[in-house]
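Asker: Handing you this structure, nothing more for now.
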Amino acid sequence: MSLPLAVLVSGSGSNLQAIIDRIEAGRIDARIKVVLSDKADAHGLVRAAKHGIPTRVLPFGEYPDRAAFDAALLAAVRESGARAVILAGFMRLLGKGFIAAYRDRILNIHPALLPSFPGLRAQEQAIGYGVAVSGATVHFVDEKMDNGPIVIQAAVPALPDDDAKSLGARILALEHRIYPQAVAWLAAGRLAIDGRKTRLAPSGAPLAHMDSPCLVNPPLEEGF
Ligand code: GRF
């Protein structure tokens with residue numbers, strides 16, 4: 001049985017697209033039941049509609065407080081029948097009630113090598129610090145921001161003339177490979193949380209070819 005997902009977006013939705021594409025290619029045993037956004041103009045909603053995926057908008061400003069927004073979001077996810085939640089550029093913190101309801105079944109992607117540079121504008125933070133290596137992290141979501149157990153990380157070089165945009169583009173290209181891979185592992189039931197670690201059950205799958213200078217661990221499997 002394929003895993004029913006809810007994907008939460010606030011913006012472009014390029015990670016959502018990467019996940020849709022790998023589902024359609026038969027690489028992820030999951031189906032997206034709903035794409036939810038706190039922003040009516042999120043391009044991710046357009047991407048979802050193009051693939052026949054139901055969408056819903058919950059404008060944050062229309063709720064009296066965070067708790068009411070969180071309850072509405074949780075209700076929408078539950079109504080969709082989703083059993084896991086994928087945050088793909090969703091720019092709001094989830095409340096405790098939401099996290100408790102989907103504990104260990106919420107993934108997020110962050111454009112830095114956590115625990116470095118959590119929070120907003122991670123690429124800019126990394127450039128400002130002068131790092132030589134940065135990357136992306138897929139992690140389980142817990143009550144703290146950008147904090148839960150790490151599923152997969154990809155590291156890329158930060159070049160001398162990089163700005164946040166050029167570094168961000170290099171990172172994003174790898175996000176589009178590691179996020180679908182992490183979702184595939186989740187959907188296949190191969191991830192187990194063990195304290196701060198995520199353990200990946202081996203499958204013997206052939207590994208992917210990597211042609212740019214980067215490090216991805218655990219290694220990507222063929223098709224990602
Ligand atoms: C990505 O950089 C992701 O790491 C961060 O938000 C951005 C979302 O991009 N959480 P997109 O909407 O998937 O294109």
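Ligands are numbered from 1 in the order shown, residues from 1 within each chain, and chains are lettered A, B, ... in the order they appear in the structure tokens.
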List all protein, DNA and RNA residues that have at least one atom no more than 6 Å from any atom of ligand 1, counting only C-alpha atoms and all ligand atoms, and write them as a list in words.
Answerer: Gly11, Ser12, Gly13, Ser14, Asn15, Leu16, Ala88, Gly89, Ile109, His110, Pro111 and Leu172 of chain A
Asker: Within 10 Å of A:Pro160, counting only C-alpha atoms, which residues qualify if same-chain residues fewer than 4 places away don't, as a ChimeraX atom specification?
Answerer: /A:127,130-132
Asker: When DSSP works through the backbone of this structure, what residues of stretch 60-172 of chain A end up as helix (DSSP H, G or I), shown as a ChimeraX atom specification?
Answerer: /A:60-62,66-80,96-101,122-129,164-172
Asker: Could you give me, as JSON lines, a per-residue list for stretch 3-107 of chain A showing, wherever an atom lies at most 7 Å from an atom of stretch 134-142 of chain A, the closest pair of atoms and their distance in Å to one decimal, using only C-alpha atoms and sorting by chain then residue number from low to high?
Answerer:
{"residue": "A:Ile99", "atom": "CA", "partner": "A:Asp142", "partner_atom": "CA", "distance": 6.6}
{"residue": "A:Asp104", "atom": "CA", "partner": "A:Phe140", "partner_atom": "CA", "distance": 6.3}
{"residue": "A:Ile106", "atom": "CA", "partner": "A:Val141", "partner_atom": "CA", "distance": 5.5}
{"residue": "A:Leu107", "atom": "CA", "partner": "A:Phe140", "partner_atom": "CA", "distance": 4.6}
Asker: Could you write out that same residue set with C-alpha atoms as a short mmCIF file (atom, residue, chain, number, x, y, z; two decimals), in the first residue's frame?
Answerer:
data_model
loop_
_atom_site.label_atom_id
_atom_site.label_comp_id
_atom_site.auth_asym_id
_atom_site.auth_seq_id
_atom_site.Cartn_x
_atom_site.Cartn_y
_atom_site.Cartn_z
CA ILE A 99 3.71 17.58 15.73
CA ASP A 104 8.07 10.80 13.54
CA ILE A 106 6.94 14.72 9.38
CA LEU A 107 9.95 15.52 7.17
#
Asker: Mind checking which residues fall within 8 Å of A:Val57, counting only C-alpha atoms, ignoring those fewer than 5 positions away in the same chain, and posting them as a JSON list (two decimals) with C-alpha atoms, in the first residue's frame?
Answerer:
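Writing done, so here's selection.json:
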[["chain", "number", "residue", "atom", "x", "y", "z"],
["A", 36, "LEU", "CA", -1.65, 22.71, 1.50],
["A", 37, "SER", "CA", -0.39, 26.26, 1.58],
["A", 38, "ASP", "CA", -0.61, 29.23, 3.93],
["A", 39, "LYS", "CA", -0.25, 31.46, 0.86],
["A", 40, "ALA", "CA", -2.84, 31.66, -1.93]]
Asker: Can you write out as a tab-separated table which residues of stretch 65-141 of chain A fall within 10 Å of stretch 17-32 of chain A, alongside each residue's closest atom pair and its distance in Å to one decimal, counting only C-alpha atoms and ordering rows by chain and ascending residue number?
Answerer:
residue	atom	partner	partner_atom	distance
A:Ser80	CA	A:Ile32	CA	9.3
A:Gly81	CA	A:Ile32	CA	9.9
A:Ala82	CA	A:Ile32	CA	7.9
A:Ala84	CA	A:Ile32	CA	9.8
A:Val85	CA	A:Ile32	CA	9.6
A:Ile86	CA	A:Ile32	CA	9.7
A:Ala88	CA	A:Ile19	CA	9.6
Asker: Which value, in Å to one decimal, gives the distance between atom CA of A:Lys33 and atom CA of A:Pro4?
Answerer: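 Here the two named atoms are 6.0 Å from each other.
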